[in-house]
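*Asks:* Supplied structure: run16.tsv, TSV, C-alpha atoms.
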```tsv
chain	number	residue	atom	x	y	z
G	575	MET	CA	-11.45	-122.00	-100.87
G	576	ASN	CA	-12.95	-123.10	-104.16
G	577	LEU	CA	-14.69	-120.86	-106.65
G	578	PHE	CA	-18.16	-122.16	-105.77
G	579	LEU	CA	-17.70	-121.36	-102.10
G	580	LEU	CA	-16.33	-117.92	-102.96
G	581	LYS	CA	-19.38	-117.23	-105.11
G	582	ARG	CA	-21.72	-118.41	-102.29
G	583	LEU	CA	-19.90	-116.22	-99.74
G	584	THR	CA	-19.91	-113.23	-102.05
G	585	ARG	CA	-23.64	-113.67	-102.76
G	586	ARG	CA	-24.32	-114.02	-99.01
G	587	SER	CA	-22.18	-110.96	-98.26
G	588	ILE	CA	-23.99	-108.88	-100.83
G	589	SER	CA	-27.34	-110.06	-99.48
G	590	GLY	CA	-26.17	-109.31	-95.96
G	591	PHE	CA	-24.88	-105.95	-96.97
G	592	ILE	CA	-28.17	-105.07	-98.68
G	593	PHE	CA	-30.12	-106.38	-95.67
G	594	SER	CA	-27.91	-104.34	-93.36
G	595	LEU	CA	-28.45	-101.26	-95.45
G	596	ILE	CA	-32.23	-101.74	-95.36
G	597	LEU	CA	-32.09	-102.34	-91.63
G	598	LEU	CA	-29.85	-99.35	-91.07
G	599	SER	CA	-31.95	-97.11	-93.21
G	600	SER	CA	-35.07	-98.25	-91.36
G	601	PHE	CA	-33.35	-97.54	-88.05
G	602	LYS	CA	-32.28	-94.16	-89.39
G	603	ALA	CA	-35.85	-93.38	-90.45
G	604	THR	CA	-37.12	-94.25	-86.98
G	605	ALA	CA	-34.38	-92.17	-85.39
G	606	GLN	CA	-35.30	-89.16	-87.60
G	607	ASP	CA	-38.94	-89.39	-86.49
G	608	THR	CA	-37.94	-89.02	-82.89
G	609	LEU	CA	-35.42	-86.25	-83.36
G	610	ARG	CA	-36.35	-82.92	-81.82
G	611	THR	CA	-35.13	-79.58	-83.11
G	612	PHE	CA	-33.81	-77.12	-80.61
G	613	GLY	CA	-32.85	-73.53	-81.12
G	614	PRO	CA	-33.73	-69.98	-80.22
G	615	ARG	CA	-37.15	-68.95	-81.50
G	616	LEU	CA	-37.51	-65.34	-82.60
G	617	GLY	CA	-40.90	-63.72	-82.99
G	618	ILE	CA	-42.65	-60.47	-83.77
G	619	ASP	CA	-45.95	-59.36	-82.26
G	620	MET	CA	-48.36	-58.57	-85.10
G	621	ALA	CA	-51.19	-57.51	-82.78
G	622	ARG	CA	-49.51	-54.14	-82.30
G	623	PHE	CA	-50.11	-53.40	-85.98
G	624	ALA	CA	-53.86	-53.79	-85.50
G	625	TYR	CA	-53.72	-50.68	-83.30
G	626	LEU	CA	-52.53	-48.68	-86.29
G	627	PHE	CA	-56.01	-49.16	-87.78
G	628	ALA	CA	-58.02	-48.75	-84.60
G	629	ASP	CA	-55.99	-46.18	-82.64
G	630	PRO	CA	-53.28	-44.59	-84.79
G	631	ARG	CA	-52.06	-42.54	-81.79
G	632	GLN	CA	-50.56	-45.68	-80.30
G	633	LYS	CA	-47.52	-47.11	-82.01
G	634	GLY	CA	-45.26	-49.96	-81.03
G	635	THR	CA	-44.30	-53.54	-81.41
G	636	ALA	CA	-42.53	-56.32	-79.58
G	637	LEU	CA	-39.96	-58.97	-80.40
G	638	SER	CA	-39.66	-62.25	-78.56
G	639	LEU	CA	-37.01	-64.84	-77.93
G	640	ASP	CA	-37.58	-68.24	-76.33
G	641	PHE	CA	-35.73	-71.54	-76.12
G	642	GLU	CA	-36.72	-75.00	-74.94
G	643	VAL	CA	-33.92	-75.53	-72.43
G	644	TYR	CA	-35.52	-78.53	-70.78
G	645	LYS	CA	-38.46	-80.71	-71.67
G	646	ASN	CA	-41.54	-78.42	-71.92
G	647	ILE	CA	-39.77	-75.48	-70.27
G	648	TYR	CA	-39.21	-72.34	-72.33
G	649	PRO	CA	-37.45	-69.33	-70.81
G	650	ALA	CA	-38.69	-66.27	-72.70
G	651	LEU	CA	-37.60	-62.71	-73.26
G	652	GLU	CA	-39.66	-60.02	-74.95
G	653	LEU	CA	-38.48	-56.55	-75.89
G	654	GLY	CA	-40.51	-53.78	-77.46
G	655	PHE	CA	-41.41	-50.15	-77.64
G	656	ASN	CA	-44.59	-48.13	-77.32
G	657	SER	CA	-45.51	-44.53	-77.96
G	658	THR	CA	-48.63	-42.44	-77.84
G	659	ALA	CA	-49.48	-38.79	-78.44
G	660	PHE	CA	-52.72	-36.86	-78.32
G	661	GLU	CA	-54.13	-33.36	-78.03
G	662	ARG	CA	-56.52	-32.00	-75.44
G	663	GLU	CA	-58.10	-28.57	-75.30
G	664	THR	CA	-55.67	-27.31	-72.64
G	665	PHE	CA	-52.53	-29.38	-73.29
G	666	SER	CA	-50.88	-31.88	-75.60
G	667	TYR	CA	-49.39	-35.11	-74.32
G	668	ALA	CA	-46.77	-37.55	-75.61
G	669	SER	CA	-45.19	-40.64	-74.13
G	670	ARG	CA	-42.62	-43.06	-75.52
G	671	GLY	CA	-40.40	-45.75	-74.17
G	672	PHE	CA	-39.14	-49.31	-74.18
G	673	PHE	CA	-40.19	-52.36	-72.29
G	674	GLY	CA	-38.89	-55.80	-71.47
G	675	ARG	CA	-40.57	-58.92	-70.20
G	676	ILE	CA	-38.74	-61.93	-68.86
G	677	GLY	CA	-40.21	-65.21	-67.66
G	678	LEU	CA	-40.94	-68.89	-68.24
G	679	ASP	CA	-43.49	-70.78	-70.32
G	680	TYR	CA	-44.50	-74.36	-69.57
G	681	ASN	CA	-45.92	-76.56	-72.32
G	682	LEU	CA	-49.13	-78.29	-71.26
G	683	LEU	CA	-49.59	-80.25	-74.50
G	684	PRO	CA	-48.41	-83.88	-74.15
G	685	VAL	CA	-45.65	-84.55	-76.68
G	686	LYS	CA	-46.56	-87.76	-78.53
G	687	ASP	CA	-43.87	-87.40	-81.13
G	688	ARG	CA	-40.63	-85.56	-80.45
G	689	SER	CA	-40.67	-84.04	-83.91
G	690	VAL	CA	-43.93	-82.23	-83.14
G	691	HIS	CA	-43.29	-78.74	-81.81
G	692	HIS	CA	-46.78	-77.31	-81.29
G	693	ILE	CA	-47.33	-76.15	-77.75
G	694	ILE	CA	-50.14	-74.97	-75.55
G	695	TYR	CA	-48.59	-73.17	-72.67
G	696	ALA	CA	-49.02	-71.25	-69.46
G	697	GLY	CA	-46.37	-68.87	-68.24
G	698	THR	CA	-45.39	-65.95	-66.09
G	699	ARG	CA	-43.53	-62.75	-66.80
G	700	TYR	CA	-41.97	-59.88	-64.95
G	701	GLY	CA	-42.21	-56.72	-67.01
G	702	THR	CA	-40.60	-53.33	-66.81
G	703	GLY	CA	-41.08	-50.24	-68.94
G	704	LEU	CA	-38.65	-47.32	-69.17
G	705	PHE	CA	-40.28	-44.30	-70.67
G	706	SER	CA	-40.47	-40.54	-70.78
G	707	HIS	CA	-43.67	-38.53	-70.93
G	708	ARG	CA	-44.31	-34.87	-71.45
G	709	ALA	CA	-47.08	-32.34	-71.65
G	710	GLU	CA	-46.73	-29.22	-73.74
G	711	HIS	CA	-48.65	-25.95	-74.07
G	712	ILE	CA	-50.30	-26.42	-70.68
G	713	ILE	CA	-53.02	-23.89	-69.93
G	714	THR	CA	-55.08	-23.62	-66.77
G	715	PRO	CA	-57.85	-21.23	-67.75
G	716	ASP	CA	-58.53	-18.42	-65.29
G	717	ASN	CA	-60.91	-15.69	-66.35
G	718	TYR	CA	-60.19	-13.55	-63.28
G	719	TRP	CA	-56.41	-13.49	-62.84
G	720	GLY	CA	-55.56	-14.48	-66.39
G	721	ASP	CA	-54.69	-17.88	-67.84
G	722	TYR	CA	-51.68	-19.70	-66.44
G	723	VAL	CA	-49.43	-20.96	-69.25
G	724	ARG	CA	-46.53	-23.38	-69.00
G	725	ASP	CA	-44.56	-24.42	-72.06
G	726	GLU	CA	-43.58	-27.92	-71.04
G	727	TYR	CA	-43.46	-30.47	-68.29
G	728	ARG	CA	-41.54	-33.74	-68.74
G	729	ASN	CA	-40.34	-36.62	-66.62
G	730	ASN	CA	-38.61	-40.00	-67.03
G	731	LEU	CA	-40.28	-42.93	-65.32
G	732	THR	CA	-39.99	-46.68	-64.80
G	733	GLY	CA	-42.99	-48.99	-64.45
G	734	HIS	CA	-43.11	-52.57	-63.18
G	735	TRP	CA	-45.70	-55.33	-63.46
G	736	LEU	CA	-46.25	-59.10	-63.29
G	737	GLU	CA	-48.11	-61.24	-65.80
G	738	LEU	CA	-49.89	-64.54	-66.13
G	739	ASN	CA	-49.75	-65.76	-69.72
G	740	ALA	CA	-51.41	-68.47	-71.75
G	741	GLY	CA	-51.29	-69.24	-75.42
G	742	ILE	CA	-50.46	-71.52	-78.29
G	743	ARG	CA	-47.65	-71.87	-80.82
G	744	THR	CA	-48.32	-73.86	-83.96
G	745	GLU	CA	-45.58	-74.93	-86.32
G	746	VAL	CA	-47.14	-74.01	-89.67
G	747	ALA	CA	-44.01	-74.91	-91.68
G	748	ASP	CA	-40.62	-76.24	-90.71
G	749	ASN	CA	-39.36	-73.90	-87.98
G	750	PHE	CA	-42.07	-71.29	-88.68
G	751	PHE	CA	-44.64	-70.76	-85.96
G	752	MET	CA	-47.80	-68.74	-85.50
G	753	GLY	CA	-49.71	-68.32	-82.30
G	754	TRP	CA	-51.17	-66.00	-79.78
G	755	THR	CA	-50.70	-65.06	-76.16
G	756	VAL	CA	-53.30	-63.72	-73.76
G	757	ARG	CA	-51.87	-61.96	-70.75
G	758	TYR	CA	-53.35	-60.79	-67.48
G	759	MET	CA	-51.21	-58.16	-65.83
G	760	PHE	CA	-50.84	-56.88	-62.29
G	761	LEU	CA	-49.36	-53.40	-62.02
G	762	ILE	CA	-46.76	-53.00	-59.28
G	763	SER	CA	-45.87	-49.40	-60.10
G	764	ALA	CA	-46.57	-47.08	-63.01
G	765	GLY	CA	-43.71	-44.79	-62.01
G	766	LYS	CA	-43.94	-42.03	-59.42
G	767	ASP	CA	-44.85	-38.63	-60.77
G	768	GLU	CA	-46.85	-36.38	-58.45
G	769	ILE	CA	-47.45	-33.71	-61.07
G	770	MET	CA	-48.59	-35.87	-63.97
G	771	THR	CA	-49.54	-39.50	-63.58
G	772	PRO	CA	-48.50	-41.37	-66.74
G	773	TYR	CA	-51.12	-42.25	-69.32
G	774	LEU	CA	-49.44	-45.38	-70.60
G	775	VAL	CA	-46.78	-47.75	-69.33
G	776	PRO	CA	-45.07	-49.30	-72.38
G	777	GLY	CA	-45.75	-53.04	-72.48
G	778	TYR	CA	-48.49	-52.78	-69.85
G	779	GLY	CA	-51.08	-50.34	-71.14
G	780	ARG	CA	-53.16	-47.68	-69.37
G	781	ALA	CA	-51.43	-46.67	-66.17
G	782	ASP	CA	-54.66	-45.82	-64.33
G	783	PHE	CA	-55.72	-49.48	-64.19
G	784	ASN	CA	-54.14	-51.75	-61.57
G	785	ARG	CA	-55.12	-54.80	-63.61
G	786	SER	CA	-54.88	-55.06	-67.34
G	787	ALA	CA	-55.32	-57.63	-70.08
G	788	GLY	CA	-53.45	-57.88	-73.33
G	789	ILE	CA	-53.11	-60.03	-76.37
G	790	SER	CA	-50.29	-60.74	-78.78
G	791	TYR	CA	-50.31	-62.49	-82.12
G	792	TRP	CA	-46.91	-63.94	-82.88
G	793	ILE	CA	-45.15	-64.90	-86.06
G	794	MET	CA	-41.99	-66.78	-85.11
G	795	TYR	CA	-38.98	-68.48	-86.60
G	796	ARG	CA	-36.85	-71.02	-84.81
G	797	ILE	CA	-33.20	-71.16	-85.74
G	798	PRO	CA	-32.60	-74.95	-86.01
G	799	LEU	CA	-29.27	-75.17	-84.23
G	800	ILE	CA	-29.48	-78.62	-82.62
G	801	LYS	CA	-31.19	-81.90	-83.49
G	802	LYS	CA	-31.11	-84.61	-80.91
J	82	MET	CA	-54.65	-66.12	-92.49
J	83	ARG	CA	-58.39	-66.32	-91.78
J	84	SER	CA	-57.74	-66.55	-88.05
J	85	PHE	CA	-55.41	-63.56	-88.20
J	86	THR	CA	-58.10	-61.50	-89.99
J	87	ALA	CA	-60.63	-62.46	-87.28
J	88	PHE	CA	-58.09	-61.54	-84.64
J	89	LEU	CA	-57.44	-58.17	-86.32
J	90	ILE	CA	-61.15	-57.36	-86.47
J	91	THR	CA	-61.59	-58.27	-82.79
J	92	ILE	CA	-58.75	-56.00	-81.71
J	93	ILE	CA	-60.04	-53.09	-83.81
J	94	ALA	CA	-63.55	-53.55	-82.43
J	95	LEU	CA	-62.31	-53.62	-78.83
J	96	VAL	CA	-60.12	-50.56	-79.20
J	97	ALA	CA	-62.72	-48.62	-81.16
J	98	CYS	CA	-65.25	-49.11	-78.36
J	99	THR	CA	-63.42	-46.83	-75.92
J	100	THR	CA	-65.27	-43.60	-75.13
J	101	GLN	CA	-63.98	-40.15	-74.35
J	102	ASP	CA	-65.04	-38.78	-70.95
J	103	VAL	CA	-66.36	-35.30	-70.37
J	104	CYS	CA	-64.98	-33.18	-67.54
J	105	ASP	CA	-67.71	-31.63	-65.43
J	106	SER	CA	-65.54	-30.38	-62.54
J	107	ASP	CA	-64.79	-26.77	-61.70
J	108	LEU	CA	-61.09	-26.88	-60.91
J	109	LYS	CA	-60.40	-23.34	-59.72
J	110	ALA	CA	-59.01	-23.33	-56.19
J	111	SER	CA	-60.59	-20.67	-53.99
J	112	ALA	CA	-59.68	-19.80	-50.42
J	113	VAL	CA	-62.77	-19.67	-48.22
J	114	ALA	CA	-62.88	-17.03	-45.48
J	115	SER	CA	-65.55	-16.83	-42.78
J	116	LEU	CA	-66.46	-13.42	-41.41
J	117	TYR	CA	-66.66	-12.80	-37.65
J	118	THR	CA	-67.38	-9.88	-35.40
J	119	THR	CA	-66.39	-9.64	-31.75
J	120	ARG	CA	-69.01	-8.52	-29.24
J	121	ASN	CA	-68.02	-8.24	-25.61
J	122	GLY	CA	-64.85	-10.23	-26.40
J	123	VAL	CA	-66.84	-13.14	-27.87
J	124	PRO	CA	-66.38	-13.83	-31.59
J	125	THR	CA	-69.55	-14.68	-33.48
J	126	ASP	CA	-70.02	-15.43	-37.14
J	127	THR	CA	-71.91	-12.70	-38.84
J	128	ILE	CA	-73.50	-11.50	-42.05
J	129	ILE	CA	-72.02	-8.24	-43.27
J	130	SER	CA	-74.05	-6.02	-45.56
J	131	GLY	CA	-72.71	-3.58	-48.13
J	132	PHE	CA	-69.62	-5.73	-48.64
J	133	SER	CA	-67.48	-5.23	-51.74
J	134	LEU	CA	-64.28	-7.00	-52.77
J	135	TYR	CA	-61.95	-7.05	-55.76
J	136	GLY	CA	-58.53	-8.49	-56.53
J	137	ILE	CA	-55.50	-6.33	-57.33
J	138	ARG	CA	-54.54	-7.55	-60.79
J	139	GLU	CA	-51.48	-6.68	-62.85
J	140	ASN	CA	-52.27	-4.86	-66.07
J	141	LEU	CA	-55.97	-5.58	-65.75
J	142	PRO	CA	-58.78	-3.25	-64.67
J	143	ASP	CA	-60.42	-3.74	-61.27
J	144	SER	CA	-63.22	-6.26	-61.35
J	145	LEU	CA	-65.51	-6.74	-58.37
J	146	LEU	CA	-65.96	-10.22	-57.00
J	147	TYR	CA	-68.55	-8.97	-54.46
J	148	ASP	CA	-70.49	-5.79	-55.07
J	149	SER	CA	-72.40	-4.36	-52.06
J	150	ALA	CA	-73.38	-7.87	-51.08
J	151	ASN	CA	-74.62	-9.44	-47.85
J	152	VAL	CA	-72.05	-12.08	-47.02
J	153	SER	CA	-70.97	-14.37	-44.19
J	154	LYS	CA	-68.36	-16.31	-46.22
J	155	LEU	CA	-66.02	-15.27	-48.98
J	156	GLN	CA	-64.62	-17.27	-51.84
J	157	LEU	CA	-61.31	-15.81	-52.92
J	158	PRO	CA	-59.83	-17.19	-56.15
J	159	LEU	CA	-56.04	-17.42	-55.86
J	160	ASP	CA	-53.67	-16.12	-58.50
J	161	PRO	CA	-51.92	-19.02	-60.32
J	162	ASN	CA	-49.37	-16.68	-61.95
J	163	HIS	CA	-47.94	-15.20	-58.75
J	164	ASN	CA	-47.06	-16.23	-55.21
J	165	LYS	CA	-49.35	-13.58	-53.77
J	166	SER	CA	-53.04	-12.82	-54.19
J	167	SER	CA	-54.13	-9.37	-53.02
J	168	PHE	CA	-57.69	-8.20	-52.42
J	169	VAL	CA	-59.32	-4.96	-51.40
J	170	ILE	CA	-62.27	-5.26	-49.02
J	171	SER	CA	-64.69	-2.36	-48.70
J	172	ILE	CA	-67.54	-2.08	-46.25
J	173	ARG	CA	-69.47	1.03	-47.01
J	174	GLU	CA	-66.85	3.83	-47.06
J	175	GLN	CA	-63.98	1.99	-45.31
J	176	SER	CA	-61.56	-0.43	-46.89
J	177	ASP	CA	-58.66	-2.76	-46.13
J	178	THR	CA	-56.19	-4.73	-48.24
J	179	ILE	CA	-55.42	-8.41	-47.70
J	180	HIS	CA	-52.28	-10.08	-49.09
J	181	ILE	CA	-52.37	-13.89	-49.18
J	182	HIS	CA	-48.86	-15.29	-49.69
J	183	HIS	CA	-48.94	-18.77	-51.16
J	184	GLU	CA	-47.05	-21.44	-53.07
J	185	SER	CA	-48.79	-23.20	-55.92
J	186	THR	CA	-48.34	-26.67	-57.34
J	187	LEU	CA	-49.44	-27.54	-60.83
J	188	TYR	CA	-50.79	-31.06	-61.27
J	189	LEU	CA	-52.77	-33.12	-63.74
J	190	VAL	CA	-56.31	-33.73	-62.46
J	191	SER	CA	-57.10	-36.19	-65.24
J	192	TYR	CA	-56.49	-36.61	-68.94
J	193	THR	CA	-60.05	-35.42	-69.49
J	194	CYS	CA	-60.03	-32.37	-67.19
J	195	GLY	CA	-56.46	-31.23	-67.68
J	196	PHE	CA	-54.27	-29.40	-65.16
J	197	ALA	CA	-55.09	-27.41	-62.04
J	198	HIS	CA	-53.28	-25.76	-59.11
J	199	ASN	CA	-53.21	-26.60	-55.44
J	200	TYR	CA	-52.07	-23.88	-53.05
J	201	ASN	CA	-50.30	-23.78	-49.73
J	202	ILE	CA	-50.95	-20.54	-47.82
J	203	GLN	CA	-47.71	-19.35	-46.25
J	204	SER	CA	-48.98	-16.22	-44.51
J	205	ILE	CA	-51.68	-13.57	-44.67
J	206	ASP	CA	-51.14	-9.90	-43.91
J	207	HIS	CA	-53.59	-7.01	-43.98
J	208	THR	CA	-54.12	-3.36	-43.27
J	209	GLY	CA	-56.12	-2.58	-40.12
J	210	HIS	CA	-58.80	-0.04	-40.79
J	211	ILE	CA	-61.75	-2.37	-40.38
J	212	ILE	CA	-60.11	-5.78	-40.03
J	213	GLN	CA	-58.96	-6.61	-36.50
J	214	LEU	CA	-57.45	-10.02	-37.06
J	215	ILE	CA	-57.06	-12.77	-39.64
J	216	GLU	CA	-56.81	-16.26	-38.19
J	217	PRO	CA	-55.55	-19.15	-40.38
J	218	VAL	CA	-57.60	-22.36	-40.18
J	219	ASN	CA	-56.35	-24.56	-43.00
J	220	GLU	CA	-53.27	-23.78	-45.10
J	221	PHE	CA	-54.06	-26.10	-48.01
J	222	VAL	CA	-56.36	-24.87	-50.76
J	223	LEU	CA	-57.10	-27.69	-53.13
J	224	ALA	CA	-58.61	-27.52	-56.60
J	225	GLU	CA	-60.75	-30.60	-56.09
J	226	GLU	CA	-62.23	-29.78	-52.68
J	227	THR	CA	-65.66	-28.34	-52.07
J	228	ASN	CA	-66.15	-24.68	-51.26
J	229	GLU	CA	-67.45	-25.59	-47.81
J	230	LYS	CA	-63.96	-25.91	-46.36
J	231	GLU	CA	-62.79	-22.90	-44.34
J	232	HIS	CA	-59.21	-21.67	-44.80
J	233	PHE	CA	-59.11	-18.57	-42.60
J	234	ARG	CA	-61.31	-16.30	-40.48
J	235	ILE	CA	-61.55	-12.54	-40.75
J	236	TYR	CA	-62.48	-10.69	-37.56
J	237	PHE	CA	-63.97	-7.17	-37.83
```
How would this structure read if it were set down as C-alpha cells?

*Replies:*
Amino acid sequence: MNLFLLKRLTRRSISGFIFSLILLSSFKATAQDTLRTFGPRLGIDMARFAYLFADPRQKGTALSLDFEVYKNIYPALELGFNSTAFERETFSYASRGFFGRIGLDYNLLPVKDRSVHHIIYAGTRYGTGLFSHRAEHIITPDNYWGDYVRDEYRNNLTGHWLELNAGIRTEVADNFFMGWTVRYMFLISAGKDEIMTPYLVPGYGRADFNRSAGISYWIMYRIPLIKK
Amino acid sequence: MRSFTAFLITIIALVACTTQDVCDSDLKASAVASLYTTRNGVPTDTIISGFSLYGIRENLPDSLLYDSANVSKLQLPLDPNHNKSSFVISIREQSDTIHIHHESTLYLVSYTCGFAHNYNIQSIDHTGHIIQLIEPVNEFVLAEETNEKEHFRIYF
C-alpha cells in the first residue's frame, strides 16, 4: 500500500468516522425524544390546607403514590389523616383517624410524544377510614328530675366508600407535577354506632350524606427510576 | 400559582357557606297514660277532676306536675338518672303511688340538638287505694315521638 493510498484511506476513515458520529448522535437525539420516564410518583394534597383558613376545626392531609405500570394505566394509593373537634352547648365532640384509598387511573390524553407526561385521567377508588370519635361532658337537660350528666362516650369505627375520580396532572418541571382531582363518593358504611352516629369519616367527609364530593390539589414528584 | 390561589379561594368560599342549624325539638321522653273507669264491667275513658300528681325525687322538694286538674291523659316525664320513676297520684283526699321500672338508652339525636334518652318500660307496679289496674300498651318511650302515643292505661 503506497503512502498516497494510505492518506486517501485515512482521510476517508476520518470522514466516515465523523459521519458515523453525526449519524449516531442524531439517532441518539431521536431516541432521547422518545424515551419515557417511569417511576413512583409521590404527592401531597394541598387542598387540605385551605380548610385551615376556612374551617380550622378540621385538620388533615393526604399523600399519594402512583406508577404508570402499563401504557396509560396508573395504579394509585392514597393515605391520609383527618381530625375535627367542636363544642356544642350540651357536649363537646372530637374525631380523628386515618384513611386509605386504592384504585386505578386511566389516562385519556393521547400521548403524541413519549417524553410528555401530562395526563388527563378518570379513575376509581375504594376508600376506607379507621377512626375513633368521642363526646365529652354530655348533658341532657332535665328541669324536673335533674340534668343527666355523662363524662364521656367513645367508640372506634371503620367507614367504607367508593369513588369516581377525574383530574389532571401537569409536569411543570422535570419530574415535578401539579394537578387536581375531583371525586364523587358513594358511602357504603360510615361505621355502626347506635349511640352516636359519626360526624366525619376521614377521607370521605360528613357521615350523614350518602353521596359526597371532594377535591384535591396535588403537588407531586416522580422518582425517575427507569427510562425506556 | 395563580390557579392555586383561585382554587384556595373557591374552597374557602364553599366551606364558609355552611350554616349552623337550630334545634327546635323538645327531646324529653314522657310516658303517656290514659285514664279509664269501669262501669258495669265495661272500661270507658274518662275525665277525672281534682287530679294531682308529682314525682318522688331524690334530694329535691315535691313539685306538682298536675295540680287539681281535669285530665283524661297524663304525660309522665321519666327519670334519666335512675331505672325507676315514681309518682304519687291524688284524687281529692285519696292517693296512690306508681313505680315505673325502665331501662334508658342515651343516644345522639343530632349534632345540633345533642343527646336524649329512649326508655324501655320493664314493669309498672302501684298501690291500690284508688287504682284498680295498670295495663301496659307500649313499652317503648321514645324522645322523638309525639305525645299522642299511649304507653299504658290506668283503671280507677

*Asks:* From (-49.9, -28.3, -69.2), in the file's coordinates, out to 9 Å: which residues are reached, counting all atoms listed in the file? Answer as a PyMOL selection string.

*Replies:* (chain G and resi 664-667+708-714+723-727) or (chain J and resi 187-189+195-197)

*Asks:* List as a PyMOL selection string the protein and nucleic acid residues near stretch 201-216 of chain J, meaning an atom at most 8 Å away when all atoms listed in the file are counted, but skip any in the same chain fewer than 3 places from it.

*Replies:* chain J and resi 175-185+220-222+233-237

*Asks:* So how many Å separate atom CA of J:Asp160 and atom CA of G:Pro715, to one decimal?

*Replies:* 11.4 Å

*Asks:* Compute the chain G side of the contact with chain J at 7 Å, counting only C-alpha atoms, and hand it back as a PyMOL selection string.

*Replies:* chain G and resi 624-625+627-629+664+714+719+722+769-770

*Asks:* Need the shell around stretch 684-686 of chain G: protein/DNA/RNA residues with any atom at most 10 Å away, counting only C-alpha atoms. Skip same-chain ones fewer than 5 positions apart. Format as a list in words?

*Replies:*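 The residues satisfying every condition are Thr608, Lys645, Asn646, His691, His692, Ile693 and Ile694 of chain G.
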
*Asks:* Find the distance between atom CA of G:Val775 and atom CA of G:Tyr695 and write it in Å to one decimal.

*Replies:*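 Separating atom CA of G:Val775 from atom CA of G:Tyr695 is a distance of 25.7 Å.
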
*Asks:* Leaving out stretch 734-740 of chain G and any residue of its chain fewer than 5 positions from it, which residues lie within 6 Å of it when counting only C-alpha atoms, given as a ChimeraX atom specification?

*Replies:* /G:695-702,755-763

*Asks:* Work out how far apart atom CA of G:Gly674 and atom CA of G:Gly703 are and give it in Å to one decimal.

*Replies:*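 Value for the atom CA of G:Gly674-atom CA of G:Gly703 distance: 6.5 Å.
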
*Asks:* At a cut-off of 8 Å, using all atoms listed in the file, what residues contact J:Ile172? Leave out same-chain residues fewer than 4 positions from it and give the result as a list in words.

*Replies:*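 Returned residues: Ser130, Gly131, Phe132, Ser133, Ser149 and Ser176 of chain J.
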
*Asks:* For the point (-39.4, -77.3, -67.6) in file coordinates, what residues are within 10 Å, counting all atoms listed in the file? Give the answer as a list in words?

*Replies:*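 Output of the proximity query reads Glu642, Val643, Tyr644, Lys645, Asn646, Ile647, Tyr648, Pro649, Leu678, Asp679, Tyr680 and Asn681 of chain G.
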
*Asks:* Taking all atoms listed in the file into account, which of G:Asp748, G:Asp687, G:Ile676, G:Phe783 comes nearest G:Arg610?

*Replies:*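 Nearest candidate to G:Arg610 out of G:Asp748, G:Asp687, G:Ile676, G:Phe783: G:Asp687.
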
*Asks:* Counting all atoms listed in the file, what is within 6 Å of J:Ala112, bar same-chain residues fewer than 6 positions away, as a PyMOL selection string?

*Replies:* chain J and resi 156-157+232
